[in-house]
$ cat target-v3.tsv   # TSV, C-alpha atoms and all ligand atoms
chain	number	residue	atom	x	y	z
A	1	MET	CA	-36.15	-22.56	16.76
A	2	LEU	CA	-32.47	-23.01	16.08
A	3	SER	CA	-30.43	-25.26	18.27
A	4	PRO	CA	-27.40	-23.53	19.79
A	5	ALA	CA	-24.99	-25.47	17.58
A	6	ARG	CA	-26.89	-24.61	14.40
A	7	HIS	CA	-27.19	-21.01	15.47
A	8	LEU	CA	-23.48	-20.85	16.06
A	9	SER	CA	-22.55	-22.18	12.67
A	10	ILE	CA	-24.75	-19.63	10.94
A	11	SER	CA	-23.20	-16.89	12.96
A	12	TRP	CA	-19.71	-18.09	12.01
A	13	LEU	CA	-20.57	-18.01	8.34
A	14	SER	CA	-21.84	-14.49	8.61
A	15	TRP	CA	-18.59	-13.50	10.23
A	16	LEU	CA	-16.60	-14.80	7.35
A	17	LEU	CA	-18.72	-12.75	5.02
A	18	ALA	CA	-18.57	-9.66	7.15
A	19	PHE	CA	-14.85	-9.76	7.63
A	20	THR	CA	-13.15	-10.72	4.47
A	21	CYS	CA	-10.06	-8.63	4.95
A	22	PHE	CA	-9.93	-5.11	3.68
A	23	GLY	CA	-7.03	-3.68	1.82
A	24	VAL	CA	-6.40	-0.04	2.29
A	25	ILE	CA	-4.29	2.32	0.25
A	26	SER	CA	-3.75	6.00	0.44
A	27	PHE	CA	-2.71	8.55	-2.12
A	28	GLY	CA	-1.16	11.63	-0.68
A	29	CYS	CA	-0.89	13.85	-3.63
A	30	ALA	CA	-1.29	17.01	-5.60
A	31	PRO	CA	1.39	18.85	-3.65
A	32	VAL	CA	0.96	22.54	-4.02
A	33	SER	CA	3.96	24.64	-4.87
A	34	SER	CA	4.72	27.77	-2.93
A	35	ALA	CA	3.38	30.21	-5.51
A	36	ASP	CA	-0.04	28.66	-5.21
A	37	LEU	CA	-0.30	28.94	-1.47
A	38	GLU	CA	-2.61	31.64	-0.29
A	39	GLU	CA	-0.93	34.41	1.62
A	40	ASN	CA	-2.19	33.28	4.99
A	41	ARG	CA	-0.52	29.91	4.64
A	42	GLU	CA	3.17	29.52	5.16
A	43	ALA	CA	5.07	27.77	2.41
A	44	GLU	CA	7.66	25.09	3.00
A	45	THR	CA	9.50	24.80	-0.24
A	46	ASN	CA	12.38	22.57	0.76
A	47	SER	CA	10.36	19.39	1.07
A	48	LYS	CA	8.97	19.42	-2.43
A	49	PRO	CA	9.32	15.97	-3.98
A	50	GLU	CA	11.60	15.72	-6.98
A	51	THR	CA	9.86	16.39	-10.20
A	52	ASN	CA	10.11	13.69	-12.78
A	53	THR	CA	8.44	15.06	-15.81
A	54	LYS	CA	9.34	13.63	-19.16
A	55	THR	CA	7.17	16.09	-20.94
A	56	GLU	CA	8.31	18.64	-23.44
A	57	PRO	CA	6.05	20.61	-25.72
A	58	ASP	CA	7.45	18.95	-28.88
A	59	LYS	CA	6.41	15.55	-27.61
A	60	LYS	CA	2.79	16.55	-27.31
A	61	SER	CA	1.58	14.66	-30.33
A	62	GLU	CA	3.42	11.54	-29.28
A	63	LEU	CA	1.68	11.43	-25.92
A	64	ASP	CA	-1.78	12.56	-26.90
A	65	GLY	CA	-4.53	10.00	-26.85
A	66	LYS	CA	-2.47	7.33	-25.12
A	67	THR	CA	-3.01	6.03	-21.64
A	68	TYR	CA	-0.62	6.01	-18.70
A	69	LEU	CA	-1.71	2.61	-17.44
A	70	SER	CA	1.93	1.51	-17.21
A	71	SER	CA	2.68	4.32	-14.73
A	72	LEU	CA	0.01	3.17	-12.30
A	73	SER	CA	0.75	0.90	-9.36
A	74	GLY	CA	-1.88	-1.58	-10.49
A	75	THR	CA	-5.51	-1.50	-11.39
A	76	VAL	CA	-8.50	-1.38	-9.16
A	77	ARG	CA	-11.97	-0.17	-9.90
A	78	ILE	CA	-15.42	0.25	-8.46
A	79	PRO	CA	-17.24	-2.97	-9.32
A	80	ALA	CA	-20.36	-2.91	-11.50
A	81	SER	CA	-22.44	-3.95	-8.48
A	82	ARG	CA	-21.62	-0.59	-6.86
A	83	LEU	CA	-22.76	1.55	-9.81
A	84	PRO	CA	-24.07	4.19	-10.05
A	85	ILE	CA	-21.53	5.54	-7.60
A	86	LYS	CA	-23.00	7.00	-4.44
A	87	VAL	CA	-21.25	10.19	-3.33
A	88	TYR	CA	-21.49	11.91	0.03
A	89	LEU	CA	-20.31	15.51	0.43
A	90	ALA	CA	-19.72	16.41	4.06
A	91	PRO	CA	-21.24	19.75	5.06
A	92	MET	CA	-18.79	22.63	4.74
A	93	PRO	CA	-17.29	23.41	8.16
A	94	LYS	CA	-17.75	26.91	9.56
A	95	GLY	CA	-14.81	29.29	9.55
A	96	VAL	CA	-12.87	31.77	7.46
A	97	ASN	CA	-10.91	29.04	5.69
A	98	PHE	CA	-14.01	27.41	4.23
A	99	LYS	CA	-15.86	28.88	1.27
A	100	ASP	CA	-19.05	27.59	-0.31
A	101	SER	CA	-17.37	27.91	-3.71
A	102	TYR	CA	-15.15	24.91	-2.81
A	103	GLN	CA	-18.23	22.70	-2.68
A	104	VAL	CA	-19.27	24.08	-6.08
A	105	MET	CA	-15.83	23.19	-7.51
A	106	LEU	CA	-16.16	19.68	-6.12
A	107	LYS	CA	-19.58	19.18	-7.67
A	108	ASP	CA	-18.28	20.61	-10.97
A	109	ALA	CA	-15.48	18.06	-10.84
A	110	PHE	CA	-17.91	15.15	-10.44
A	111	ALA	CA	-20.09	16.53	-13.24
A	112	HIS	CA	-17.04	16.86	-15.49
A	113	PHE	CA	-16.09	13.22	-14.87
A	114	GLN	CA	-19.62	12.12	-15.60
A	115	ASP	CA	-19.80	14.12	-18.85
A	116	SER	CA	-16.37	12.93	-19.98
A	117	LEU	CA	-17.08	9.29	-19.26
A	118	ALA	CA	-20.56	9.30	-20.72
A	119	ALA	CA	-19.25	10.39	-24.10
A	120	GLY	CA	-19.59	7.69	-26.71
A	121	SER	CA	-20.86	4.26	-25.81
A	122	PHE	CA	-18.64	3.76	-22.79
A	123	LEU	CA	-20.32	2.38	-19.70
A	124	PRO	CA	-23.20	4.81	-19.25
A	125	ALA	CA	-23.67	3.39	-15.75
A	126	LEU	CA	-20.43	4.96	-14.53
A	127	SER	CA	-22.25	7.91	-13.09
A	128	PHE	CA	-22.68	9.57	-9.73
A	129	VAL	CA	-25.64	10.01	-7.42
A	130	TYR	CA	-25.46	12.12	-4.28
A	131	THR	CA	-26.58	10.74	-0.98
A	132	ASP	CA	-26.88	12.45	2.40
A	133	LYS	CA	-25.92	9.26	4.21
A	134	ALA	CA	-22.16	8.92	4.54
A	135	GLU	CA	-22.40	5.25	5.50
A	136	GLU	CA	-24.04	4.22	2.24
A	137	ALA	CA	-21.72	6.25	0.00
A	138	THR	CA	-18.87	4.71	-1.98
A	139	ILE	CA	-17.08	8.05	-2.26
A	140	THR	CA	-17.07	10.50	0.65
A	141	CYS	CA	-15.55	13.97	0.37
A	142	ARG	CA	-14.67	16.56	2.96
A	143	PHE	CA	-12.60	19.69	3.32
A	144	THR	CA	-10.12	20.35	6.09
A	145	ASP	CA	-7.88	23.26	7.02
A	146	ASN	CA	-5.68	21.03	9.16
A	147	GLU	CA	-2.41	20.38	7.35
A	148	LYS	CA	-1.71	17.49	9.70
A	149	GLU	CA	-4.34	15.48	7.87
A	150	MET	CA	-2.09	15.47	4.83
A	151	HIS	CA	0.78	13.01	4.56
A	152	PHE	CA	3.49	15.55	4.00
A	153	ALA	CA	3.98	19.28	3.63
A	154	GLN	CA	2.52	20.96	0.55
A	155	GLU	CA	0.07	18.20	-0.15
A	156	GLY	CA	-3.27	19.36	-1.48
A	157	GLY	CA	-5.41	16.32	-0.92
A	158	VAL	CA	-5.49	12.74	0.24
A	159	THR	CA	-7.57	9.84	-1.02
A	160	GLU	CA	-7.86	6.66	0.93
A	161	LEU	CA	-9.22	3.57	-0.79
A	162	VAL	CA	-10.69	0.62	1.02
A	163	MET	CA	-10.92	-2.51	-1.05
A	164	ASP	CA	-12.59	-5.84	-0.63
A	165	SER	CA	-12.44	-8.82	-2.98
A	166	ASP	CA	-14.81	-7.14	-5.48
A	167	GLY	CA	-12.78	-3.97	-5.86
A	168	ILE	CA	-13.08	-0.48	-4.42
A	169	MET	CA	-15.52	-0.51	-1.53
A	170	LYS	CA	-14.97	2.98	-0.13
A	171	ALA	CA	-12.98	6.02	-1.17
A	172	LYS	CA	-12.40	8.81	1.30
A	173	ILE	CA	-11.31	12.13	-0.19
A	174	THR	CA	-9.93	14.91	2.02
A	175	ILE	CA	-9.02	18.26	0.45
A	176	LEU	CA	-6.92	20.89	2.18
A	177	VAL	CA	-8.11	24.51	2.14
A	178	PRO	CA	-7.90	27.46	1.79
A	179	ARG	CA	-6.85	27.53	-1.83
A	180	ARG	CA	-7.81	29.25	-5.06
A	181	ASP	CA	-10.94	27.84	-6.69
A	182	CYS	CA	-9.06	26.71	-9.81
A	183	TYR	CA	-6.65	24.79	-7.63
A	184	ILE	CA	-9.49	23.17	-5.66
A	185	LYS	CA	-11.09	22.12	-8.93
A	186	LYS	CA	-7.86	20.48	-10.06
A	187	VAL	CA	-7.27	18.72	-6.74
A	188	ALA	CA	-10.90	17.56	-6.74
A	189	LEU	CA	-10.53	16.07	-10.24
A	190	HIS	CA	-7.24	14.46	-9.23
A	191	GLU	CA	-8.60	12.88	-6.04
A	192	ILE	CA	-11.78	11.69	-7.74
A	193	GLY	CA	-9.50	10.07	-10.33
A	194	HIS	CA	-7.82	8.12	-7.53
A	195	ALA	CA	-11.21	7.27	-6.02
A	196	LEU	CA	-12.31	5.76	-9.34
A	197	GLY	CA	-9.23	3.57	-9.61
A	198	LEU	CA	-6.42	5.63	-11.10
A	199	ALA	CA	-3.93	4.12	-8.70
A	200	GLY	CA	-0.89	6.25	-9.23
A	201	HIS	CA	0.19	9.28	-11.18
A	202	SER	CA	0.74	10.28	-14.76
A	203	PRO	CA	4.28	11.23	-15.80
A	204	ASP	CA	2.87	14.02	-17.98
A	205	GLN	CA	2.21	17.33	-16.28
A	206	ARG	CA	-0.61	18.16	-18.67
A	207	ASP	CA	-2.68	15.34	-17.15
A	208	VAL	CA	-4.81	15.98	-14.09
A	209	MET	CA	-3.29	12.83	-12.60
A	210	TYR	CA	0.21	14.31	-12.68
A	211	PHE	CA	1.41	14.33	-9.07
A	212	SER	CA	1.55	18.07	-8.59
A	213	VAL	CA	-0.17	21.21	-9.70
A	214	GLN	CA	1.80	23.90	-11.45
A	215	PRO	CA	2.55	27.11	-9.56
A	216	ASP	CA	1.14	29.35	-12.25
A	217	LEU	CA	-2.30	27.82	-12.04
A	218	ASN	CA	-4.54	30.84	-11.97
A	219	VAL	CA	-7.26	30.28	-14.50
A	220	ASP	CA	-11.00	30.15	-14.73
A	221	PRO	CA	-11.98	26.95	-12.87
A	222	LYS	CA	-14.13	26.04	-15.88
A	223	GLU	CA	-10.90	25.67	-17.87
A	224	VAL	CA	-9.52	23.06	-15.47
A	225	LYS	CA	-10.34	19.80	-17.22
A	226	LEU	CA	-9.32	16.18	-17.55
A	227	SER	CA	-6.95	15.45	-20.41
A	228	ALA	CA	-7.75	12.95	-23.14
A	229	ARG	CA	-5.19	10.65	-21.54
A	230	ASP	CA	-6.86	10.87	-18.13
A	231	ILE	CA	-10.16	9.88	-19.69
A	232	ASP	CA	-8.70	7.15	-21.89
A	233	THR	CA	-6.78	5.64	-18.98
A	234	LEU	CA	-9.90	5.47	-16.87
A	235	LYS	CA	-11.88	4.02	-19.76
A	236	ALA	CA	-9.17	1.39	-20.25
A	237	ILE	CA	-9.44	0.34	-16.61
A	238	TYR	CA	-13.21	0.02	-16.77
A	239	SER	CA	-13.16	-1.73	-20.13
A	240	GLN	CA	-10.96	-4.60	-18.98
A	241	SER	CA	-12.97	-7.79	-18.97
A	242	GLU	CA	-11.07	-9.57	-16.25
A	243	LYS	CA	-11.16	-8.59	-12.61
A	244	PRO	CA	-8.43	-6.05	-11.92
A	245	SER	CA	-5.67	-7.19	-9.62
A	246	PRO	CA	-5.86	-5.28	-6.37
A	247	ILE	CA	-2.81	-3.34	-5.36
A	248	VAL	CA	-1.54	-3.32	-1.81
A	249	LYS	CA	1.04	-0.58	-1.86
A	250	VAL	CA	1.34	2.76	-3.55
A	251	GLU	CA	4.57	4.58	-4.15
A	252	GLY	CA	5.13	7.12	-1.39
A	253	MET	CA	2.85	5.49	1.18
A	254	GLU	CA	5.88	4.68	3.32
A	255	ARG	CA	6.62	8.40	3.65
A	256	SER	CA	4.08	8.87	6.45
A	257	ALA	CA	3.38	7.02	9.67
A	258	ALA	CA	-0.24	6.58	8.59
A	259	GLY	CA	0.85	5.12	5.26
A	260	ARG	CA	3.31	2.74	6.91
A	261	ALA	CA	0.55	1.52	9.23
A	262	MET	CA	-1.60	0.80	6.17
A	263	ILE	CA	1.19	-1.17	4.55
A	264	ILE	CA	1.50	-3.34	7.67
A	265	SER	CA	-2.27	-3.78	7.75
A	266	ASN	CA	-2.22	-4.90	4.12
A	267	GLU	CA	0.50	-7.41	4.94
A	268	GLY	CA	-1.88	-8.66	7.63
A	269	SER	CA	-4.66	-8.94	5.06
A	270	ALA	CA	-2.37	-10.93	2.73
A	271	ALA	CA	-1.60	-13.31	5.62
A	272	TYR	CA	-5.31	-13.51	6.41
A	273	LYS	CA	-6.12	-14.42	2.81
A	274	ALA	CA	-3.44	-17.12	2.95
A	275	GLY	CA	-5.07	-18.53	6.07
A	276	ASN	CA	-2.21	-17.56	8.38
A	277	PHE	CA	-4.30	-16.04	11.19
A	278	ASP	CA	-1.39	-15.86	13.64
A	279	LEU	CA	0.66	-13.68	11.33
A	280	ALA	CA	-2.43	-11.67	10.35
A	281	LEU	CA	-3.13	-10.97	14.01
A	282	LYS	CA	0.45	-9.90	14.66
A	283	LYS	CA	0.42	-7.54	11.66
A	284	TYR	CA	-2.99	-6.06	12.44
A	285	GLN	CA	-1.98	-5.46	16.06
A	286	GLU	CA	1.20	-3.78	14.91
A	287	ALA	CA	-0.70	-1.63	12.40
A	288	TYR	CA	-3.33	-0.68	14.99
A	289	GLN	CA	-0.67	0.31	17.47
A	290	ALA	CA	1.00	2.47	14.82
A	291	ASP	CA	-2.25	4.18	13.83
A	292	PRO	CA	-5.26	3.59	16.10
A	293	THR	CA	-7.15	6.37	14.28
A	294	ASN	CA	-7.53	4.44	11.01
A	295	ALA	CA	-11.01	2.89	11.03
A	296	VAL	CA	-10.13	0.27	8.41
A	297	ILE	CA	-7.16	-1.00	10.37
A	298	ALA	CA	-9.36	-1.12	13.48
A	299	ARG	CA	-12.00	-3.00	11.49
A	300	ASN	CA	-9.44	-5.53	10.27
A	301	LEU	CA	-8.09	-6.12	13.77
A	302	GLY	CA	-11.50	-6.10	15.46
A	303	GLY	CA	-12.92	-8.38	12.78
A	304	LEU	CA	-10.09	-10.85	13.16
A	305	TYR	CA	-10.54	-10.86	16.95
A	306	VAL	CA	-14.21	-11.69	16.49
A	307	ASN	CA	-13.46	-14.40	13.91
A	308	LEU	CA	-10.92	-15.94	16.26
A	309	GLY	CA	-13.53	-15.72	19.02
A	310	SER	CA	-15.96	-17.65	16.84
A	311	ILE	CA	-13.36	-20.27	15.94
A	312	ASN	CA	-12.46	-20.80	19.59
A	313	LEU	CA	-16.09	-20.94	20.60
A	314	MET	CA	-16.72	-23.68	18.05
A	315	ALA	CA	-13.76	-25.57	19.52
A	316	ARG	CA	-15.31	-25.02	22.98
A	317	ASN	CA	-12.41	-22.87	24.18
A	318	VAL	CA	-14.92	-20.57	25.84
A	319	LYS	CA	-12.46	-18.54	27.92
A	320	VAL	CA	-10.21	-17.81	24.94
A	321	ALA	CA	-13.25	-17.03	22.78
A	322	GLU	CA	-14.53	-14.62	25.37
A	323	THR	CA	-11.25	-12.68	25.44
A	324	PHE	CA	-11.21	-12.42	21.64
A	325	PHE	CA	-14.82	-11.18	21.52
A	326	LYS	CA	-14.15	-8.57	24.19
A	327	ASN	CA	-11.01	-7.38	22.40
A	328	GLY	CA	-12.98	-7.22	19.15
A	329	ILE	CA	-15.79	-5.16	20.66
A	330	ASP	CA	-13.26	-2.87	22.32
A	331	VAL	CA	-11.43	-2.11	19.06
A	332	LEU	CA	-14.56	-1.86	16.90
A	333	SER	CA	-16.41	0.41	19.35
A	334	LYS	CA	-13.81	3.15	19.03
A	335	HIS	CA	-14.76	4.20	15.48
A	336	PRO	CA	-18.22	5.40	14.42
A	337	ASP	CA	-17.49	3.97	10.94
A	338	ASN	CA	-17.32	0.49	12.44
A	339	LYS	CA	-20.67	0.64	14.22
A	340	PRO	CA	-22.34	-2.10	12.12
A	341	PHE	CA	-19.37	-4.42	12.74
A	342	CYS	CA	-19.42	-3.65	16.44
A	343	ARG	CA	-23.09	-4.56	16.56
A	344	GLN	CA	-22.33	-7.91	14.91
A	345	ALA	CA	-19.57	-8.51	17.45
A	346	CYS	CA	-21.97	-7.74	20.31
A	347	THR	CA	-24.51	-10.22	18.89
A	348	ALA	CA	-21.85	-12.94	18.66
A	349	TYR	CA	-20.64	-12.26	22.18
A	350	GLY	CA	-24.25	-12.23	23.40
A	351	SER	CA	-24.68	-15.74	21.91
A	352	LEU	CA	-21.63	-16.94	23.82
A	353	LEU	CA	-23.00	-15.50	27.06
A	354	MET	CA	-26.38	-17.09	26.42
A	355	MET	CA	-24.82	-20.48	25.68
A	356	THR	CA	-22.82	-20.34	28.88
A	357	GLY	CA	-25.84	-19.58	31.03
A	358	ARG	CA	-25.39	-15.84	31.60
A	359	ALA	CA	-28.77	-14.72	30.33
A	360	ALA	CA	-28.88	-11.29	31.97
A	361	GLU	CA	-25.50	-10.25	30.60
A	362	ALA	CA	-26.35	-11.85	27.25
A	363	LYS	CA	-29.47	-9.69	26.96
A	364	ILE	CA	-27.38	-6.52	27.23
A	365	PHE	CA	-25.09	-7.50	24.35
A	366	ILE	CA	-27.86	-8.92	22.18
A	367	GLU	CA	-29.70	-5.62	22.55
A	368	LYS	CA	-26.53	-3.73	21.71
A	369	GLY	CA	-26.33	-5.93	18.64
A	370	GLN	CA	-29.81	-4.76	17.70
A	371	GLY	CA	-28.67	-1.16	18.03
A	372	LYS	CA	-30.53	-0.52	21.28
B	401	ZN	ZN	-2.38	11.80	-6.43
$ encode --input "target-v3.tsv" --output "structure tokens"
Amino acid sequence: MLSPARHLSISWLSWLLAFTCFGVISFGCAPVSSADLEENREAETNSKPETNTKTEPDKKSELDGKTYLSSLSGTVRIPASRLPIKVYLAPMPKGVNFKDSYQVMLKDAFAHFQDSLAAGSFLPALSFVYTDKAEEATITCRFTDNEKEMHFAQEGGVTELVMDSDGIMKAKITILVPRRDCYIKKVALHEIGHALGLAGHSPDQRDVMYFSVQPDLNVDPKEVKLSARDIDTLKAIYSQSEKPSPIVKVEGMERSAAGRAMIISNEGSAAYKAGNFDLALKKYQEAYQADPTNAVIARNLGGLYVNLGSINLMARNVKVAETFFKNGIDVLSKHPDNKPFCRQACTAYGSLLMMTGRAAEAKIFIEKGQGK
């Protein structure tokens, strides 16, 4: 049997592992232009971001076959330990705005990535497997008809990346409907590109990773494909031998309240990494206040509370530790995504209660920790 002190130190170590800070970035992108909006959706043309294309038809040969690595905000990727990539497709919601063909376009997009990346001898393991468990997936995808889930007007999709020290841990893709199938296919390819580590946009409008989709897009969805540059850029990222440097901020993130909250959270994570827990706490609290709906921000704050609880418990500041644990459980319990972390927090708090002679109360939290 473990002595209380020994038990505590093991628990502390597991906390450090569980809560290495998470970076989170979000790509609000693929704005749709008014001509591509379906008739039942009102267009707002005045907020269209400035176009910045450097592409002219006579420069085609000059650009072909090159990468746009230099246009990206940095490089991140899904680490080899998380391959093949598990993908979860949320069931299509009911309603007139949702068509089964959207799900088909999404699956076609994944298949197209897999075919394109498998060509030649390049990393055959960079492939996708579908799972019906969202919690075990690296990439999750869902459709929404709520424009408010986008960062700004005319956006077609959003991808949120959660990173740990190994690279991309989770990518959450949300695609706005209703739209034409060809447009959905293009947005799906674009967002999957972000999910795989294309952290930014191409300056060339012929690339899927260009930031917007052209208004005249009305083609057979089968014709909507990645460009050679899209593929080569992705291959370049996954061929790098050294660990990619994680990025903490993407151009345009500051445009939305949700994006600004993520930036603050990432500043908290940088402080956390540097060992400045006071500053990390301040930043995470600020980020959580700005966007309490973001599960990653809640996880960062809740995780830090629990870590601080453990540190204070080891220093025998039981009262302070207790407050931190309770705050941690409170924040972590609000998001279904954070269930496993909340259970760990309950277990840690249960240990504190047990050590301080409150066995009946301890039992409740230890059982919660076991998922009962
Ligand atoms: Zn984008």
$ closest_residue --input "target-v3.tsv" --among "A:Lys99, A:Lys148, A:Arg77, A:His201" --to "ligand ZN 401 (chain B)" --atoms "only C-alpha atoms and all ligand atoms"
A:His201
$ closest_residue --input "target-v3.tsv" --among "A:Pro93, A:Gly309, A:Pro84, A:Gly156" --to "ligand ZN 401 (chain B)" --atoms "only C-alpha atoms and all ligand atoms"
A:Gly156
$ closest_residue --input "target-v3.tsv" --among "A:Arg255, A:Lys186, A:Lys339, A:Arg260" --to "ligand ZN 401 (chain B)" --atoms "all atoms listed in the file"
A:Lys186
$ closest_residue --input "target-v3.tsv" --among "A:Glu136, A:Asp164, A:Glu191, A:Glu254" --to "ligand ZN 401 (chain B)" --atoms "all atoms listed in the file"
A:Glu191
$ atom_distance --input "target-v3.tsv" --atom1 "atom CA of A:Glu160" --atom2 "atom CA of A:Lys222"
26.4 Å
$ residues_around --input "target-v3.tsv" --residues "A:Ala321" --least-positions-apart "4" --cutoff "9 Å" --atoms "only C-alpha atoms" --output "list in words"
Tyr305, Val306, Leu308, Gly309, Ser310, Ile311, Asn312, Leu313, Met314, Arg316, Asn317, Phe325, Lys326, Tyr349 and Leu352 of chain A
$ axis_aligned_box --input "target-v3.tsv" --around "stretch 98-109 of chain A" --padding-each-side "6 Å" --output "JSON"
{"center_x": -16.8, "center_y": 23.5, "center_z": -3.4, "size_x": 17.6, "size_y": 22.8, "size_z": 27.2}
$ atom_distance --input "target-v3.tsv" --atom1 "atom CA of A:Phe113" --atom2 "atom CA of A:Asn146"
27.3 Å
$ atom_distance --input "target-v3.tsv" --atom1 "atom CA of A:Glu149" --atom2 "atom CA of A:Thr75"
25.7 Å
$ residues_around --input "target-v3.tsv" --residues "A:Ala258" --least-positions-apart "6" --cutoff "10 Å" --atoms "all atoms listed in the file" --output "number ranges by chain"
A: 26, 149-151, 287, 290-294
$ residues_around --input "target-v3.tsv" --residues "stretch 229-235 of chain A" --least-positions-apart "3" --cutoff "7 Å" --atoms "only C-alpha atoms" --output "ChimeraX atom specification"
/A:64-69,116-117,198,207-209,226,238-239
$ write_last_selection --input "target-v3.tsv" --atoms "C-alpha atoms" --output "short mmCIF file (atom, residue, chain, number, x, y, z; two decimals), in the frame of the given file"
data_model
loop_
_atom_site.label_atom_id
_atom_site.label_comp_id
_atom_site.auth_asym_id
_atom_site.auth_seq_id
_atom_site.Cartn_x
_atom_site.Cartn_y
_atom_site.Cartn_z
CA ASP A 64 -1.78 12.56 -26.90
CA GLY A 65 -4.53 10.00 -26.85
CA LYS A 66 -2.47 7.33 -25.12
CA THR A 67 -3.01 6.03 -21.64
CA TYR A 68 -0.62 6.01 -18.70
CA LEU A 69 -1.71 2.61 -17.44
CA SER A 116 -16.37 12.93 -19.98
CA LEU A 117 -17.08 9.29 -19.26
CA LEU A 198 -6.42 5.63 -11.10
CA ASP A 207 -2.68 15.34 -17.15
CA VAL A 208 -4.81 15.98 -14.09
CA MET A 209 -3.29 12.83 -12.60
CA LEU A 226 -9.32 16.18 -17.55
CA TYR A 238 -13.21 0.02 -16.77
CA SER A 239 -13.16 -1.73 -20.13
#
$ closest_residue --input "target-v3.tsv" --among "A:Met355, A:Val331, A:Ala270, A:Ala188" --to "ligand ZN 401 (chain B)" --atoms "only C-alpha atoms and all ligand atoms"
A:Ala188
$ closest_residue --input "target-v3.tsv" --among "A:Pro340, A:Gly200, A:Gly369, A:Gly252" --to "ligand ZN 401 (chain B)" --atoms "only C-alpha atoms and all ligand atoms"
A:Gly200
$ residues_around --input "target-v3.tsv" --residues "A:Ala362" --least-positions-apart "6" --cutoff "10 Å" --atoms "only C-alpha atoms" --output "JSON, numbers by chain"
{"A": [346, 347, 348, 349, 350, 351, 352, 353, 354, 355, 356, 368]}
$ decode --input "target-v3.tsv" --residues "stretch 201-216 of chain A" --atoms "N, CA and C atoms" --output "short mmCIF file (atom, residue, chain, number, x, y, z; two decimals), in the first residue's frame"
data_model
loop_
_atom_site.label_atom_id
_atom_site.label_comp_id
_atom_site.auth_asym_id
_atom_site.auth_seq_id
_atom_site.Cartn_x
_atom_site.Cartn_y
_atom_site.Cartn_z
N HIS A 201 -2.32 30.73 -45.21
CA HIS A 201 -2.96 30.69 -46.53
C HIS A 201 -1.97 30.91 -47.66
N SER A 202 -2.30 30.34 -48.78
CA SER A 202 -1.48 30.54 -49.97
C SER A 202 -1.81 31.90 -50.59
N PRO A 203 -0.83 32.56 -51.19
CA PRO A 203 -1.11 33.83 -51.87
C PRO A 203 -1.67 33.61 -53.29
N ASP A 204 -1.75 32.37 -53.71
CA ASP A 204 -2.15 32.07 -55.09
C ASP A 204 -3.56 31.51 -55.10
N GLN A 205 -4.45 32.21 -55.83
CA GLN A 205 -5.86 31.80 -55.76
C GLN A 205 -6.15 30.46 -56.43
N ARG A 206 -5.18 29.90 -57.14
CA ARG A 206 -5.42 28.58 -57.71
C ARG A 206 -5.19 27.46 -56.70
N ASP A 207 -4.63 27.81 -55.54
CA ASP A 207 -4.42 26.81 -54.49
C ASP A 207 -5.66 26.71 -53.61
N VAL A 208 -5.95 25.51 -53.15
CA VAL A 208 -7.07 25.32 -52.24
C VAL A 208 -6.86 26.13 -50.96
N MET A 209 -5.61 26.33 -50.58
CA MET A 209 -5.32 27.05 -49.34
C MET A 209 -5.30 28.57 -49.51
N TYR A 210 -5.73 29.05 -50.68
CA TYR A 210 -5.97 30.49 -50.82
C TYR A 210 -7.10 30.85 -49.87
N PHE A 211 -7.11 32.10 -49.35
CA PHE A 211 -8.02 32.37 -48.24
C PHE A 211 -9.50 32.47 -48.61
N SER A 212 -9.80 32.61 -49.89
CA SER A 212 -11.22 32.66 -50.23
C SER A 212 -11.51 31.82 -51.46
N VAL A 213 -12.79 31.61 -51.67
CA VAL A 213 -13.22 30.80 -52.79
C VAL A 213 -13.86 31.73 -53.82
N GLN A 214 -13.52 31.53 -55.06
CA GLN A 214 -13.99 32.43 -56.10
C GLN A 214 -15.50 32.36 -56.31
N PRO A 215 -16.09 33.52 -56.63
CA PRO A 215 -17.55 33.58 -56.76
C PRO A 215 -18.12 32.71 -57.87
N ASP A 216 -17.30 32.45 -58.90
CA ASP A 216 -17.85 31.70 -60.03
C ASP A 216 -17.72 30.19 -59.85
#
